[in-house]
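Colleague: File name model-v6.pdb; file contents PDB, C-alpha atoms; full text below.
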```pdb
MODEL        1
ATOM      1  CA  MET A   1      -0.113 -50.985  39.058
ATOM      2  CA  PRO A   2      -1.444 -51.365  35.497
ATOM      3  CA  SER A   3      -3.581 -54.399  34.897
ATOM      4  CA  PRO A   4      -2.278 -57.237  32.647
ATOM      5  CA  ARG A   5      -4.684 -56.091  29.914
ATOM      6  CA  THR A   6      -3.383 -52.521  30.093
ATOM      7  CA  LYS A   7       0.169 -53.832  29.882
ATOM      8  CA  ARG A   8      -0.705 -55.822  26.770
ATOM      9  CA  VAL A   9      -2.305 -52.765  25.149
ATOM     10  CA  LEU A  10       0.713 -50.615  25.981
ATOM     11  CA  PHE A  11       3.036 -53.307  24.631
ATOM     12  CA  ILE A  12       1.070 -53.531  21.342
ATOM     13  CA  VAL A  13       0.981 -49.736  20.986
ATOM     14  CA  GLY A  14       4.712 -49.544  21.671
ATOM     15  CA  LEU A  15       5.406 -52.341  19.203
ATOM     16  CA  LEU A  16       3.316 -50.632  16.506
ATOM     17  CA  PHE A  17       5.127 -47.350  17.127
ATOM     18  CA  LEU A  18       8.478 -49.144  16.809
ATOM     19  CA  VAL A  19       7.398 -50.807  13.554
ATOM     20  CA  VAL A  20       6.256 -47.466  12.114
ATOM     21  CA  PHE A  21       9.439 -45.739  13.288
ATOM     22  CA  VAL A  22      11.722 -48.417  11.835
ATOM     23  CA  GLY A  23       9.669 -48.433   8.620
ATOM     24  CA  ALA A  24      10.071 -44.661   8.324
ATOM     25  CA  LEU A  25      13.837 -44.960   8.834
ATOM     26  CA  VAL A  26      14.116 -47.710   6.214
ATOM     27  CA  GLY A  27      11.965 -45.689   3.797
ATOM     28  CA  ALA A  28      14.078 -42.571   4.332
ATOM     29  CA  TYR A  29      17.237 -44.622   3.793
ATOM     30  CA  MET A  30      15.949 -46.148   0.541
ATOM     31  CA  ILE A  31      14.776 -42.762  -0.757
ATOM     32  CA  SER A  32      18.063 -41.045   0.113
ATOM     33  CA  ARG A  33      20.259 -43.686  -1.576
ATOM     34  CA  ASP A  34      22.524 -42.081  -4.174
ATOM     35  CA  PRO A  35      22.570 -43.862  -7.561
ATOM     36  CA  GLY A  36      26.288 -43.232  -7.957
ATOM     37  CA  PHE A  37      25.940 -41.494 -11.301
ATOM     38  CA  ALA A  38      29.289 -40.901 -13.052
ATOM     39  CA  PHE A  39      29.564 -37.242 -14.033
ATOM     40  CA  GLU A  40      32.807 -37.944 -15.947
ATOM     41  CA  ASN A  41      34.610 -35.018 -14.361
ATOM     42  CA  PRO A  42      32.673 -31.970 -15.651
ATOM     43  CA  ASN A  43      35.091 -29.217 -16.639
ATOM     44  CA  ALA A  44      35.329 -25.863 -18.424
ATOM     45  CA  PHE A  45      36.855 -27.363 -21.581
ATOM     46  CA  GLU A  46      33.898 -29.711 -22.157
ATOM     47  CA  ALA A  47      31.441 -26.911 -21.310
ATOM     48  CA  ASP A  48      33.085 -24.675 -23.913
ATOM     49  CA  ARG A  49      32.868 -27.451 -26.507
ATOM     50  CA  PHE A  50      29.146 -27.796 -25.834
ATOM     51  CA  ALA A  51      28.583 -24.030 -26.134
ATOM     52  CA  LYS A  52      30.527 -23.819 -29.415
ATOM     53  CA  LYS A  53      28.650 -26.778 -30.920
ATOM     54  CA  LEU A  54      25.338 -25.308 -29.829
ATOM     55  CA  ALA A  55      26.227 -21.976 -31.459
ATOM     56  CA  LYS A  56      27.078 -23.811 -34.691
ATOM     57  CA  TYR A  57      23.765 -25.665 -34.519
ATOM     58  CA  GLU A  58      21.767 -22.461 -34.058
ATOM     59  CA  ASN A  59      23.682 -20.763 -36.870
ATOM     60  CA  ALA A  60      23.042 -23.688 -39.237
ATOM     61  CA  LEU A  61      19.387 -23.721 -38.240
ATOM     62  CA  THR A  62      19.065 -19.997 -38.969
ATOM     63  CA  ASN A  63      20.736 -20.410 -42.351
ATOM     64  CA  GLN A  64      18.696 -23.545 -43.157
ATOM     65  CA  GLN A  65      21.781 -25.723 -43.468
ATOM     66  CA  LYS A  66      21.174 -29.459 -43.140
ATOM     67  CA  GLY A  67      23.292 -31.269 -40.602
ATOM     68  CA  PHE A  68      23.580 -32.279 -36.979
ATOM     69  CA  VAL A  69      25.817 -31.767 -33.967
ATOM     70  CA  ARG A  70      26.770 -34.408 -31.446
ATOM     71  CA  PHE A  71      27.234 -33.957 -27.728
ATOM     72  CA  SER A  72      28.925 -36.366 -25.355
ATOM     73  CA  GLN A  73      27.592 -37.000 -21.877
ATOM     74  CA  ALA A  74      30.605 -35.188 -20.417
ATOM     75  CA  GLU A  75      29.932 -32.114 -22.575
ATOM     76  CA  ILE A  76      26.271 -32.019 -21.588
ATOM     77  CA  ASN A  77      26.919 -32.299 -17.848
ATOM     78  CA  SER A  78      29.799 -29.824 -17.983
ATOM     79  CA  TYR A  79      27.519 -27.302 -19.678
ATOM     80  CA  ILE A  80      24.767 -27.918 -17.124
ATOM     81  CA  ARG A  81      27.210 -27.545 -14.273
ATOM     82  CA  ARG A  82      28.405 -24.191 -15.610
ATOM     83  CA  SER A  83      24.898 -22.967 -16.469
ATOM     84  CA  MET A  84      23.345 -24.021 -13.199
ATOM     85  CA  THR A  85      26.612 -23.679 -11.248
ATOM     86  CA  ASN A  86      25.552 -26.975  -9.617
ATOM     87  CA  ARG A  87      24.980 -25.256  -6.324
ATOM     88  CA  PRO A  88      21.707 -25.145  -4.367
ATOM     89  CA  ALA A  89      19.113 -23.080  -6.199
ATOM     90  CA  GLU A  90      18.146 -19.666  -4.860
ATOM     91  CA  THR A  91      14.522 -20.720  -4.488
ATOM     92  CA  ASN A  92      12.966 -23.038  -1.957
ATOM     93  CA  ALA A  93       9.682 -23.234  -3.876
ATOM     94  CA  GLY A  94       7.476 -26.016  -2.625
ATOM     95  CA  GLY A  95       9.901 -26.707   0.215
ATOM     96  CA  LEU A  96      12.349 -28.264  -2.275
ATOM     97  CA  HIS A  97      15.984 -27.276  -2.548
ATOM     98  CA  LEU A  98      17.738 -28.110  -5.844
ATOM     99  CA  GLN A  99      21.326 -29.276  -5.479
ATOM    100  CA  ARG A 100      22.455 -30.530  -8.891
ATOM    101  CA  ILE A 101      21.373 -32.025 -12.187
ATOM    102  CA  GLY A 102      22.859 -34.854 -14.260
ATOM    103  CA  ILE A 103      22.013 -36.256 -17.701
ATOM    104  CA  GLY A 104      22.719 -39.866 -18.646
ATOM    105  CA  LEU A 105      22.587 -41.214 -22.201
ATOM    106  CA  ALA A 106      21.531 -44.787 -22.893
ATOM    107  CA  ASN A 107      20.301 -46.303 -26.154
ATOM    108  CA  ALA A 108      17.342 -44.161 -27.281
ATOM    109  CA  ASN A 109      16.760 -42.820 -23.797
ATOM    110  CA  LEU A 110      17.679 -39.853 -21.663
ATOM    111  CA  MET A 111      18.085 -40.328 -17.919
ATOM    112  CA  VAL A 112      17.583 -37.184 -15.867
ATOM    113  CA  TYR A 113      19.041 -37.241 -12.349
ATOM    114  CA  THR A 114      17.878 -34.547  -9.947
ATOM    115  CA  TRP A 115      19.507 -34.234  -6.527
ATOM    116  CA  ALA A 116      17.461 -32.217  -4.077
ATOM    117  CA  GLN A 117      16.632 -31.747  -0.433
ATOM    118  CA  CYS A 118      13.395 -31.294   1.441
ATOM    119  CA  LYS A 119      12.269 -31.381   5.047
ATOM    120  CA  ALA A 120      10.555 -34.440   6.496
ATOM    121  CA  LEU A 121       9.273 -34.193  10.056
ATOM    122  CA  GLY A 122      11.388 -31.082  10.440
ATOM    123  CA  LEU A 123      14.587 -32.865   9.399
ATOM    124  CA  PRO A 124      16.512 -32.389   6.115
ATOM    125  CA  LEU A 125      16.103 -35.295   3.705
ATOM    126  CA  LYS A 126      18.395 -35.543   0.689
ATOM    127  CA  PHE A 127      17.230 -37.590  -2.268
ATOM    128  CA  CYS A 128      17.864 -38.220  -5.948
ATOM    129  CA  VAL A 129      15.059 -38.511  -8.496
ATOM    130  CA  GLN A 130      15.853 -40.675 -11.520
ATOM    131  CA  ARG A 131      13.592 -40.292 -14.538
ATOM    132  CA  GLY A 132      13.973 -42.069 -17.850
ATOM    133  CA  PHE A 133      12.588 -40.448 -21.012
ATOM    134  CA  ARG A 134      12.192 -42.265 -24.320
ATOM    135  CA  ILE A 135      12.832 -40.152 -27.409
ATOM    136  CA  GLU A 136      10.086 -40.587 -29.989
ATOM    137  CA  GLN A 137       9.939 -39.102 -33.460
ATOM    138  CA  ASN A 138       8.356 -40.500 -36.607
ATOM    139  CA  GLY A 139       9.083 -38.902 -39.966
ATOM    140  CA  THR A 140       8.487 -35.167 -39.861
ATOM    141  CA  ASN A 141       6.378 -35.254 -36.706
ATOM    142  CA  GLU A 142       7.362 -33.223 -33.662
ATOM    143  CA  TRP A 143       9.684 -35.122 -31.331
ATOM    144  CA  GLN A 144       8.455 -36.114 -27.897
ATOM    145  CA  MET A 145      10.026 -37.530 -24.762
ATOM    146  CA  PRO A 146       7.423 -39.496 -22.785
ATOM    147  CA  LEU A 147       8.344 -40.545 -19.264
ATOM    148  CA  GLU A 148       9.318 -44.228 -19.152
ATOM    149  CA  SER A 149      10.696 -44.821 -15.645
ATOM    150  CA  PHE A 150      10.592 -43.025 -12.290
ATOM    151  CA  LYS A 151      12.617 -43.729  -9.163
ATOM    152  CA  VAL A 152      13.421 -41.843  -5.984
ATOM    153  CA  GLY A 153      16.606 -43.263  -4.542
ATOM    154  CA  GLU A 154      16.080 -47.026  -4.683
ATOM    155  CA  VAL A 155      12.282 -46.774  -4.609
ATOM    156  CA  GLU A 156      10.326 -47.345  -7.838
ATOM    157  CA  VAL A 157       7.448 -44.881  -8.128
ATOM    158  CA  PRO A 158       4.275 -46.685  -9.332
ATOM    159  CA  ARG A 159       3.064 -45.365 -12.700
ATOM    160  CA  ARG A 160      -0.253 -44.201 -11.221
ATOM    161  CA  TYR A 161       1.652 -41.672  -9.085
ATOM    162  CA  TRP A 162       3.871 -40.271 -11.842
ATOM    163  CA  ASP A 163       1.642 -37.275 -12.568
ATOM    164  CA  SER A 164       1.299 -36.205  -8.947
ATOM    165  CA  ALA A 165       4.999 -36.809  -8.242
ATOM    166  CA  SER A 166       5.978 -34.795 -11.327
ATOM    167  CA  ALA A 167       3.706 -31.955 -10.208
ATOM    168  CA  TYR A 168       5.398 -31.951  -6.788
ATOM    169  CA  LEU A 169       8.840 -31.804  -8.429
ATOM    170  CA  ARG A 170       7.883 -29.069 -10.908
ATOM    171  CA  PRO A 171       9.630 -26.271  -8.913
ATOM    172  CA  LEU A 172      12.890 -28.169  -9.436
ATOM    173  CA  ASP A 173      12.256 -28.701 -13.151
ATOM    174  CA  ASP A 174      11.193 -25.105 -13.806
ATOM    175  CA  SER A 175      14.473 -23.714 -12.490
ATOM    176  CA  VAL A 176      16.334 -25.922 -14.981
ATOM    177  CA  ILE A 177      14.068 -25.598 -18.026
ATOM    178  CA  GLU A 178      14.236 -21.802 -18.048
ATOM    179  CA  GLN A 179      18.001 -22.096 -18.595
ATOM    180  CA  PHE A 180      17.513 -24.057 -21.805
ATOM    181  CA  ALA A 181      15.044 -22.072 -23.909
ATOM    182  CA  TRP A 182      17.016 -23.040 -27.043
ATOM    183  CA  ARG A 183      15.601 -26.576 -26.811
ATOM    184  CA  THR A 184      12.394 -25.383 -28.506
ATOM    185  CA  ASN A 185      14.293 -24.849 -31.785
ATOM    186  CA  ILE A 186      15.455 -28.450 -32.118
ATOM    187  CA  GLN A 187      14.048 -30.077 -35.244
ATOM    188  CA  ALA A 188      14.995 -33.644 -34.407
ATOM    189  CA  ILE A 189      16.846 -35.383 -31.597
ATOM    190  CA  LEU A 190      18.495 -38.780 -31.337
ATOM    191  CA  VAL A 191      20.718 -40.780 -28.975
ATOM    192  CA  ARG A 192      23.144 -43.126 -30.709
ATOM    193  CA  LYS A 193      26.560 -44.653 -30.069
ATOM    194  CA  ASN A 194      29.539 -42.784 -31.429
ATOM    195  CA  GLU A 195      31.104 -44.672 -34.323
ATOM    196  CA  ILE A 196      34.630 -44.355 -32.897
ATOM    197  CA  SER A 197      34.339 -44.335 -29.105
ATOM    198  CA  ASP A 198      31.204 -46.519 -29.003
ATOM    199  CA  HIS A 199      29.910 -44.231 -26.232
ATOM    200  CA  PRO A 200      26.363 -42.857 -26.464
ATOM    201  CA  GLU A 201      25.999 -39.334 -27.787
ATOM    202  CA  LEU A 202      23.123 -36.892 -28.147
ATOM    203  CA  ARG A 203      22.525 -35.634 -31.685
ATOM    204  CA  LEU A 204      20.577 -32.505 -32.571
ATOM    205  CA  TYR A 205      19.442 -32.256 -36.192
ATOM    206  CA  THR A 206      18.623 -29.085 -38.078
ATOM    207  CA  TYR A 207      16.148 -30.966 -40.247
ATOM    208  CA  LYS A 208      13.727 -33.884 -40.270
ATOM    209  CA  PRO A 209      13.047 -36.667 -40.904
ATOM    210  CA  ILE A 210      16.211 -38.235 -39.504
ATOM    211  CA  PRO A 211      18.021 -40.280 -42.202
ATOM    212  CA  ALA A 212      17.165 -43.985 -42.064
ATOM    213  CA  GLU A 213      20.844 -44.949 -41.794
ATOM    214  CA  ASP A 214      21.179 -42.875 -38.595
ATOM    215  CA  LEU A 215      18.269 -44.732 -37.036
ATOM    216  CA  ARG A 216      19.867 -48.151 -37.465
TER     217      ARG A 216
ENDMDL
END
```
Hey, can you dump this file as structure tokens for me?
Modeller:
Amino acid sequence: MPSPRTKRVLFIVGLLFLVVFVGALVGAYMISRDPGFAFENPNAFEADRFAKKLAKYENALTNQQKGFVRFSQAEINSYIRRSMTNRPAETNAGGLHLQRIGIGLANANLMVYTWAQCKALGLPLKFCVQRGFRIEQNGTNEWQMPLESFKVGEVEVPRRYWDSASAYLRPLDDSVIEQFAWRTNIQAILVRKNEISDHPELRLYTYKPIPAEDLR
């Protein structure tokens, strides 16, 4: 028969194991929570509209014509869905498995949603990374999109871990970025509400600086 002291030790060890186990389950649940992003029914029609507008933008840029094109959130995500086929990526680089990508437009920000899967303790763990990027451009300077927010599921990632977390997720990002090489030709970029629908839209300009009236 175990002594009373041994029983107490076993009880404490068992209790600690239970706490750790429950904590791991809660953490996995919070990380795997889906944000419920509205894709707005991606379809071939919207994807075609995006492709045609992009072709017009590139043509105007080549011919040095001043202007801009506007993309709705539905057009962007329809184009991504067709380009990436929104099915798991062929690669499992870094133990990560890409499932789909979504872009959200809000004020002057871009929200990038990345759904992926990895293995934790030998079990599949699905999760969604939510990253907010703030568009910055002053005058004729090059535009930048610094990272402004970072969440995995319902868990806020502390700023001090952003670099290491981004490095871990790079295999997912690389498979997306290589599909959009045209982004390097963009002179200026802006997110503003459409004057008619009042919905946010992404604008790509063939020139800079962006007119002051567009920035209001």
Colleague: Could you check the closest approach to Met84 in chain A for each of A:Arg70, A:Arg100, A:Arg203, A:Arg134 and tell me which residue wins, using all atoms listed in the file?
Modeller: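 Ranking A:Arg70, A:Arg100, A:Arg203, A:Arg134 by distance to Met84 in chain A, first place goes to A:Arg100.
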Colleague: Find, counting all atoms listed in the file, the residue in A:Ala51, A:Ala188, A:Ala60, A:Leu96 that gets nearest to Glu142 in chain A.
Modeller: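 Checking each of A:Ala51, A:Ala188, A:Ala60, A:Leu96 against Glu142 in chain A, counting all atoms listed in the file, the winner is A:Ala188.
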Colleague: Using all atoms listed in the file, find the one residue out of A:Gly132, A:Pro146, A:Pro124, A:Pro200 that sits nearest to Gly102 in chain A.
Modeller: A:Gly132
Colleague: Let me have the centre and edge lengths in Å, one decimal, of the box along x, y and z around every listed atom of range 200-203 of chain A with 6 Å of margin on each side, as lines of an AutoDock Vina configuration file.
Modeller:
```
center_x = 24.4
center_y = -39.2
center_z = -29.1
size_x = 15.8
size_y = 19.2
size_z = 17.2
```
Colleague: What does the structure give for the distance between CA of Gly153 in chain A and CA of Ala74 in chain A, in Å to one decimal?
Modeller: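 Computing the Euclidean distance for CA of Gly153 in chain A and CA of Ala74 in chain A yields 22.7 Å.
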Colleague: Considering only C-alpha atoms, state which residue in the set A:Pro211, A:Pro42, A:Gly104, A:Gly95 is at the smallest distance from Ser78 in chain A.
Modeller: A:Pro42
Colleague: Counting all atoms listed in the file, which residue out of A:Ile196, A:Val152, A:Ile135, A:Leu54 sits closest to Ala106 in chain A?
Modeller: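 Looking at the shortest contact to Ala106 in chain A, the residue is A:Ile135.
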Colleague: List the residues matched by the PyMOL selection byres ((chain A and resi 67) around 9) in the displayed structure as a ChimeraX atom specification, ordered by chain and then by residue number.
Modeller: /A:57,60-61,65-66,68-69,204-207
Colleague: Could you jot down the CA of Asn43 in chain A to CA of Leu98 in chain A separation for me, Å, one decimal place?
Modeller: 20.5 Å
Colleague: Could you check how far CA of Leu215 in chain A sits from CA of Asp198 in chain A, in Å to one decimal?
Modeller: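 Calculated distance between CA of Leu215 in chain A and CA of Asp198 in chain A is 15.3 Å.
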Colleague: Given the choices A:Ile101, A:Leu172, A:Ala38, A:Ala212, which gets closest to Leu190 in chain A if the distance is worked out from only C-alpha atoms?
Modeller: A:Ala212
Colleague: Skip Lys208 in chain A itself and residues of its chain fewer than 6 positions away, then list as an NGL selection string all residues within 7 Å of it, counting only C-alpha atoms.
Modeller: :A and (139-140 or 187-188)
Colleague: Any idea what's packed within 8 Å of Ile103 in chain A, counting all atoms listed in the file, ignoring anything in its chain fewer than 3 positions away? Could you give it as a PyMOL selection string?
Modeller: chain A and resi 73+76-77+110-113
Colleague: Would you mind listing what lies within 12 Å of Arg159 in chain A as a compact mmCIF listing (two decimals) with C-alpha atoms, keeping the file's coordinate frame, with all atoms listed in the file counted and same-chain residues fewer than 3 positions away left out?
Modeller:
```txt
# COMPACT_ATOMS: atom_id res chain seq x y z
CA ARG A 131 13.59 -40.29 -14.54
CA LEU A 147 8.34 -40.54 -19.26
CA GLU A 148 9.32 -44.23 -19.15
CA SER A 149 10.70 -44.82 -15.64
CA PHE A 150 10.59 -43.02 -12.29
CA LYS A 151 12.62 -43.73 -9.16
CA GLU A 156 10.33 -47.34 -7.84
CA TRP A 162 3.87 -40.27 -11.84
CA ASP A 163 1.64 -37.28 -12.57
CA SER A 164 1.30 -36.20 -8.95
CA ALA A 165 5.00 -36.81 -8.24
CA SER A 166 5.98 -34.80 -11.33
```
Colleague: Would you mind putting back N, CA, C and O atoms on range 135-148 of chain A, then writing it out as a tab-separated table (two decimals), keeping the file's coordinate frame?
Modeller:
```tsv
chain	number	residue	atom	x	y	z
A	135	ILE	N	12.95	-41.09	-26.30
A	135	ILE	CA	12.83	-40.15	-27.41
A	135	ILE	C	12.01	-40.78	-28.52
A	135	ILE	O	12.31	-41.88	-28.99
A	136	GLU	N	10.96	-40.09	-28.93
A	136	GLU	CA	10.09	-40.59	-29.99
A	136	GLU	C	9.96	-39.54	-31.09
A	136	GLU	O	9.69	-38.37	-30.80
A	137	GLN	N	10.17	-39.99	-32.32
A	137	GLN	CA	9.94	-39.10	-33.46
A	137	GLN	C	9.75	-39.96	-34.71
A	137	GLN	O	10.58	-40.81	-35.02
A	138	ASN	N	8.65	-39.76	-35.39
A	138	ASN	CA	8.36	-40.50	-36.61
A	138	ASN	C	8.26	-39.54	-37.78
A	138	ASN	O	7.42	-38.63	-37.79
A	139	GLY	N	9.12	-39.75	-38.78
A	139	GLY	CA	9.08	-38.90	-39.97
A	139	GLY	C	9.29	-37.44	-39.64
A	139	GLY	O	10.24	-37.06	-38.95
A	140	THR	N	8.37	-36.61	-40.08
A	140	THR	CA	8.49	-35.17	-39.86
A	140	THR	C	7.66	-34.69	-38.67
A	140	THR	O	7.48	-33.49	-38.47
A	141	ASN	N	7.16	-35.63	-37.89
A	141	ASN	CA	6.38	-35.25	-36.71
A	141	ASN	C	7.26	-34.56	-35.67
A	141	ASN	O	8.49	-34.70	-35.68
A	142	GLU	N	6.63	-33.84	-34.76
A	142	GLU	CA	7.36	-33.22	-33.66
A	142	GLU	C	7.90	-34.31	-32.74
A	142	GLU	O	7.23	-35.31	-32.48
A	143	TRP	N	9.12	-34.13	-32.23
A	143	TRP	CA	9.68	-35.12	-31.33
A	143	TRP	C	9.08	-34.97	-29.93
A	143	TRP	O	8.71	-33.89	-29.52
A	144	GLN	N	9.01	-36.08	-29.25
A	144	GLN	CA	8.46	-36.11	-27.90
A	144	GLN	C	9.36	-36.96	-27.01
A	144	GLN	O	10.13	-37.79	-27.50
A	145	MET	N	9.26	-36.73	-25.72
A	145	MET	CA	10.03	-37.53	-24.76
A	145	MET	C	9.11	-37.98	-23.62
A	145	MET	O	9.13	-37.41	-22.54
A	146	PRO	N	8.30	-39.01	-23.86
A	146	PRO	CA	7.42	-39.50	-22.78
A	146	PRO	C	8.23	-40.13	-21.66
A	146	PRO	O	9.28	-40.73	-21.88
A	147	LEU	N	7.72	-39.97	-20.45
A	147	LEU	CA	8.34	-40.54	-19.26
A	147	LEU	C	8.20	-42.06	-19.29
A	147	LEU	O	7.11	-42.59	-19.51
A	148	GLU	N	9.31	-42.76	-19.05
A	148	GLU	CA	9.32	-44.23	-19.15
A	148	GLU	C	9.63	-44.91	-17.83
A	148	GLU	O	9.24	-46.04	-17.60
```
